[in-house]
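Right, one structure below, let's go through it.
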Amino acid sequence: MTVITRFAPSPTGSLHVGSARTALYCWLYARKTQGKFILRIEDTDLERSSQESVHAILEAMQWLDLHYDEGPYYQTKRFDRYSAVKEQLLKEGKAYRCYCSKERLENLRNQQIENKEKPRYDGYCRDRQETKMDNYVVRFRNPSSGTVEFDDLIRGNLIFNNVELDDLIIARSDGTPTYNFTVVIDDWDMKITHVIRGDDHINNTPRQINILKALGAIPPHYAHVSMILGADGKRLSKRHGAVNVIQYREDGFLPEALLNYLVRLGWSYGDQEIFSKEELIKLFDIRGINKAPAAFNMEKLLWLNQHYIKTSLPERVAQELEWHMQRLGLHVSQGPPLSDIVKAQAERAKTLKEMAEKSRYFYSEVHFSEEAIKKYLTTEEIPVLTSVRDELMNVLDWNKEALHQIISHISEKLGVKMGKIAQPLRVAVTGDTVSPPIDLTLALLGREKTLARLSHALALARQFNHFG
């Protein structure tokens, strides 16, 4: 049997990190078993679904590198199929038309709540003989006795009494199919063998199994993953910070770091913290997923992200860094290779957004604040910077080692510590007080840009200090 998993988000917003974790588990299980991973867009909620959300989901899946083998399939393009199965169930007496008004159903619900009963449809139209052709919904005729039993791959054996499951609506009064019905038909038609999804669907599962059995289909295996919580123990939401996958990209996280973090929110392999994708595929086990909810820890994610920034191939990190540089309006062709920037800044940034911000001066003009000029481009520093510029003008072999020797030589010649030269020089060429080691910074800036900036800084310093 070929394992076939599916990820089936609703396009009513951006991709939530909790949904991304579910997609990852589905993807990993398919890859581990050499099966298939299908993407299905459940867009039957016509009022809330949008093409913008579809695009956001596809963009997030691409960024996370969770490639699907089939799809995306769209439920709105399968309405004829759902309608045909609905008519089949009606013909076989496994579904029926319900003419109950909203008022009747609301009164029934209120009465049941008042009597401290579980709100559920009472089957009023279940055996109704007359047939009208308008103003009705279609309900599935759920078995009225017996149980639904299945082995949840995470939670073990689960049993539900059919008497507790009411006759759910499978088609609305306008003819559009409902979630629980479309999911069943899709899983059946797409030969899904394993449904891995959030535990908020546990109560849907026995209903869906009953519909599958009514159609003569074999239900898939189910695995229900616990939710992700915020630090306060409540379900992860916007009040805890970013929950949208693309927001994590915008905040400067590598997809590898986010995936590594998400997989560990509920699954573990001993004490191992860092996993390559190849290791995850080899080691992943559905039954190893924890039943208990996991708490999101931003500090842990930041630590993991910096680990990947420092240990990944600089060329790989540079691919993601370029996206951030472009968002800042910086043209990377006008400066050093981004892989060199990654090597220089990896120890200094927890996120790529931070790295991009700290590397602006390599690709854009330097702007000095009055405070920076007052503090670092003083009358005392002008002769020092002039000497540095003059010495650097004679350097033809522009590299880190040669530049270090020049600065060291000037330090000895002027009888000052290296720091007394390095800091005003750093401000002069970067406009900032923090950068990689000054010899490396100058090497990355290049000869032409370094000399031009030194001359500009000296002119500003003379003007500000009225130096002749």
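A note on labels: chains of the structure tokens are A, B, ... as shown, every chain counts residues from 1, and ligands are counted from 1 in their shown order.
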Could you produce a table of the residues of range 233-296 of chain A lying within 8 Å of range 154-172 of chain A, with the nearest pair of atoms per residue and their separation in Å rounded to one decimal, using only C-alpha atoms, ordered by chain and increasing residue number, as CSV?
residue,atom,partner,partner_atom,distance
A:Ile286,CA,A:Ile154,CA,6.8
A:Arg287,CA,A:Ile154,CA,5.3
A:Gly288,CA,A:Ile154,CA,7.5
A:Ile289,CA,A:Ile154,CA,6.3
A:Asn290,CA,A:Ile154,CA,7.2
A:Lys291,CA,A:Arg155,CA,6.4
Could you please determine the separation between CA of Thr441 in chain A and CA of Gln306 in chain A in Å, to one decimal place? 21.1 Å
Determine, counting only C-alpha atoms, which protein, DNA and RNA residues have an atom within 9 Å of an atom of range 371-387 of chain A; residues of the same chain fewer than 6 positions away are not included. Present the result as a short mmCIF file (atom, residue, chain, number, x, y, z; two decimals) with N, CA and C atoms, in the first residue's frame.
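Final output, saved to around_7.cif:
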data_model
loop_
_atom_site.label_atom_id
_atom_site.label_comp_id
_atom_site.auth_asym_id
_atom_site.auth_seq_id
_atom_site.Cartn_x
_atom_site.Cartn_y
_atom_site.Cartn_z
N ILE A 410 50.15 52.50 11.45
CA ILE A 410 49.74 53.87 11.80
C ILE A 410 49.65 54.01 13.32
N LEU A 414 51.84 56.76 15.26
CA LEU A 414 51.23 57.87 15.99
C LEU A 414 51.28 57.66 17.50
N LYS A 420 41.92 53.55 19.15
CA LYS A 420 41.81 54.98 18.92
C LYS A 420 41.76 55.30 17.43
N ILE A 421 42.25 54.37 16.65
CA ILE A 421 42.18 54.53 15.19
C ILE A 421 40.94 53.83 14.65
N GLN A 423 37.94 52.99 15.88
CA GLN A 423 36.57 53.46 16.10
C GLN A 423 36.20 54.67 15.24
N PRO A 424 37.02 55.73 15.20
CA PRO A 424 36.67 56.84 14.29
C PRO A 424 36.70 56.40 12.82
N LEU A 425 37.61 55.50 12.49
CA LEU A 425 37.66 54.98 11.13
C LEU A 425 36.38 54.22 10.80
N VAL A 427 33.40 54.63 12.15
CA VAL A 427 32.30 55.59 11.98
C VAL A 427 32.42 56.30 10.63
N ALA A 428 33.63 56.64 10.24
CA ALA A 428 33.85 57.36 8.99
C ALA A 428 33.39 56.56 7.77
N GLY A 431 29.33 54.89 9.22
CA GLY A 431 28.32 55.71 9.85
C GLY A 431 27.80 55.10 11.12
N ASP A 432 28.38 53.99 11.53
CA ASP A 432 27.91 53.27 12.72
C ASP A 432 29.09 53.01 13.65
N THR A 433 28.77 52.68 14.89
CA THR A 433 29.82 52.40 15.88
C THR A 433 30.10 50.91 16.00
N LEU A 454 36.10 58.05 3.44
CA LEU A 454 37.04 58.73 4.33
C LEU A 454 37.17 60.20 3.96
N SER A 455 37.26 60.48 2.67
CA SER A 455 37.37 61.88 2.23
C SER A 455 36.11 62.66 2.59
N ALA A 457 33.98 61.96 5.04
CA ALA A 457 33.91 62.11 6.50
C ALA A 457 34.87 63.22 6.96
N LEU A 458 36.05 63.27 6.37
CA LEU A 458 37.02 64.30 6.74
C LEU A 458 36.50 65.70 6.38
N LEU A 460 33.37 66.62 6.21
CA LEU A 460 32.32 66.93 7.19
C LEU A 460 32.93 67.33 8.53
N ALA A 461 33.96 66.58 8.94
CA ALA A 461 34.60 66.86 10.23
C ALA A 461 35.24 68.24 10.22
N ARG A 462 35.93 68.60 9.14
CA ARG A 462 36.57 69.93 9.05
C ARG A 462 35.51 71.04 9.07
N PHE A 464 32.47 70.86 10.31
CA PHE A 464 31.77 70.91 11.60
C PHE A 464 32.67 71.51 12.68
N ASN A 465 33.97 71.22 12.59
CA ASN A 465 34.90 71.68 13.62
C ASN A 465 35.65 72.96 13.20
N HIS A 466 35.24 73.50 12.05
CA HIS A 466 35.88 74.73 11.52
C HIS A 466 37.39 74.54 11.44
N PHE A 467 37.79 73.39 10.95
CA PHE A 467 39.20 73.05 10.86
C PHE A 467 39.73 73.54 9.52
#
Looking only at the backbone, which of the residues in range 70-164 of chain A does DSSP tag as helix (DSSP H, G or I), as a PyMOL selection string? chain A and resi 75-91+102-114+162-164
Keeping C-alpha atoms, export the residues of the selection given above as a PDB file, in the first residue's frame.
ATOM      1  CA  GLN A  75     -12.795  22.019  -3.629  1.00  0.00           C
ATOM      2  CA  THR A  76     -14.737  24.707  -5.495  1.00  0.00           C
ATOM      3  CA  LYS A  77     -13.825  22.905  -8.726  1.00  0.00           C
ATOM      4  CA  ARG A  78     -15.369  19.665  -7.456  1.00  0.00           C
ATOM      5  CA  PHE A  79     -18.940  20.764  -6.717  1.00  0.00           C
ATOM      6  CA  ASP A  80     -20.366  18.465  -9.419  1.00  0.00           C
ATOM      7  CA  ARG A  81     -18.707  15.488  -7.731  1.00  0.00           C
ATOM      8  CA  TYR A  82     -20.079  16.393  -4.296  1.00  0.00           C
ATOM      9  CA  SER A  83     -23.552  16.882  -5.753  1.00  0.00           C
ATOM     10  CA  ALA A  84     -23.467  13.467  -7.431  1.00  0.00           C
ATOM     11  CA  VAL A  85     -22.509  11.701  -4.172  1.00  0.00           C
ATOM     12  CA  LYS A  86     -25.193  13.654  -2.283  1.00  0.00           C
ATOM     13  CA  GLU A  87     -27.838  12.457  -4.781  1.00  0.00           C
ATOM     14  CA  GLN A  88     -26.530   8.904  -4.429  1.00  0.00           C
ATOM     15  CA  LEU A  89     -26.932   9.024  -0.637  1.00  0.00           C
ATOM     16  CA  LEU A  90     -30.450  10.475  -0.984  1.00  0.00           C
ATOM     17  CA  LYS A  91     -31.418   7.757  -3.445  1.00  0.00           C
ATOM     18  CA  LYS A 102     -34.011  28.290  11.705  1.00  0.00           C
ATOM     19  CA  GLU A 103     -36.535  29.266  14.359  1.00  0.00           C
ATOM     20  CA  ARG A 104     -37.398  25.643  15.130  1.00  0.00           C
ATOM     21  CA  LEU A 105     -33.751  24.648  15.369  1.00  0.00           C
ATOM     22  CA  GLU A 106     -32.931  27.617  17.579  1.00  0.00           C
ATOM     23  CA  ASN A 107     -35.837  26.833  19.918  1.00  0.00           C
ATOM     24  CA  LEU A 108     -34.753  23.179  20.040  1.00  0.00           C
ATOM     25  CA  ARG A 109     -31.200  24.174  20.931  1.00  0.00           C
ATOM     26  CA  ASN A 110     -32.322  26.574  23.657  1.00  0.00           C
ATOM     27  CA  GLN A 111     -34.614  23.946  25.155  1.00  0.00           C
ATOM     28  CA  GLN A 112     -31.843  21.327  25.191  1.00  0.00           C
ATOM     29  CA  ILE A 113     -29.434  23.745  26.865  1.00  0.00           C
ATOM     30  CA  GLU A 114     -32.099  24.609  29.433  1.00  0.00           C
ATOM     31  CA  ASN A 162     -23.497   6.866  17.534  1.00  0.00           C
ATOM     32  CA  VAL A 163     -26.396   8.055  19.652  1.00  0.00           C
ATOM     33  CA  GLU A 164     -24.229  11.074  20.548  1.00  0.00           C
TER      34      GLU A 164
END
Enumerate as an MDAnalysis selection string all residues of range 136-166 of chain A assigned to strand (DSSP E) by DSSP on the backbone, naming them with the chain letters and numbers the document uses. chainID A and resid 137:140 147:152 156:161
For Glu250 in chain A, please output as a tab-separated table (two decimals) with C-alpha atoms, in the first residue's frame all residues within 12 Å (counting only C-alpha atoms; exclusion window: fewer than 4 positions along the same chain).
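Output file part-v2.tsv follows:
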chain	number	residue	atom	x	y	z
A	60	ALA	CA	4.56	29.81	2.63
A	63	TRP	CA	9.39	29.09	1.33
A	242	ALA	CA	3.79	36.38	15.00
A	243	VAL	CA	1.72	33.35	14.06
A	244	ASN	CA	1.78	33.76	10.28
A	245	VAL	CA	4.53	31.76	8.55
A	246	ILE	CA	5.46	34.56	6.16
A	254	LEU	CA	15.49	30.81	8.03
A	255	PRO	CA	12.91	28.22	6.93
A	320	GLU	CA	17.53	34.37	2.10
A	321	LEU	CA	19.49	37.49	3.06
A	323	TRP	CA	15.30	38.89	0.01
A	324	HIS	CA	15.71	41.08	3.09
A	325	MET	CA	18.17	43.41	1.38
A	326	GLN	CA	15.70	43.91	-1.45
A	327	ARG	CA	12.98	44.75	1.08
A	328	LEU	CA	15.26	47.52	2.35
A	351	THR	CA	17.94	37.08	12.47
A	352	LEU	CA	18.48	37.90	8.82
A	353	LYS	CA	16.42	41.06	9.24
A	354	GLU	CA	18.91	42.20	11.87
A	356	ALA	CA	20.37	43.15	6.71
Could you tell me how far CA of Tyr96 in chain A lies from CA of Arg139 in chain A, in Å and to one decimal?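 Taking CA of Tyr96 in chain A and CA of Arg139 in chain A, their separation equals 5.4 Å.
Using only C-alpha atoms, the nearest neighbour of Lys400 in chain A within the list A:Arg447, A:Arg235, A:Lys213, A:Lys32 is A:Arg447.
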My list of candidates is A:Ile406, A:Met1, A:Leu259, A:Ala292. Which is closest to Ser276 in chain A when distances are computed with only C-alpha atoms?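 Selected residue with least distance to Ser276 in chain A: A:Leu259.
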Residues within 8 Å of Met227 in chain A, please, as a short mmCIF file (atom, residue, chain, number, x, y, z; two decimals) with N, CA and C atoms, in the first residue's frame. Count only C-alpha atoms; anything in the same chain fewer than 6 positions from it doesn't count.
data_model
loop_
_atom_site.label_atom_id
_atom_site.label_comp_id
_atom_site.auth_asym_id
_atom_site.auth_seq_id
_atom_site.Cartn_x
_atom_site.Cartn_y
_atom_site.Cartn_z
N GLY A 18 0.88 26.75 13.38
CA GLY A 18 0.32 25.47 13.80
C GLY A 18 -0.05 24.61 12.61
N GLY A 198 -5.11 18.63 13.20
CA GLY A 198 -5.23 19.13 14.55
C GLY A 198 -6.29 18.41 15.36
N ASP A 199 -6.11 18.43 16.68
CA ASP A 199 -7.05 17.70 17.55
C ASP A 199 -8.42 18.38 17.64
N ARG A 235 -4.13 29.06 23.68
CA ARG A 235 -3.84 28.72 22.28
C ARG A 235 -3.07 29.85 21.60
N PRO A 293 -0.22 19.32 24.65
CA PRO A 293 0.08 20.54 23.88
C PRO A 293 1.51 21.01 24.14
N ALA A 294 2.09 21.70 23.16
CA ALA A 294 3.45 22.22 23.29
C ALA A 294 3.40 23.74 23.40
#
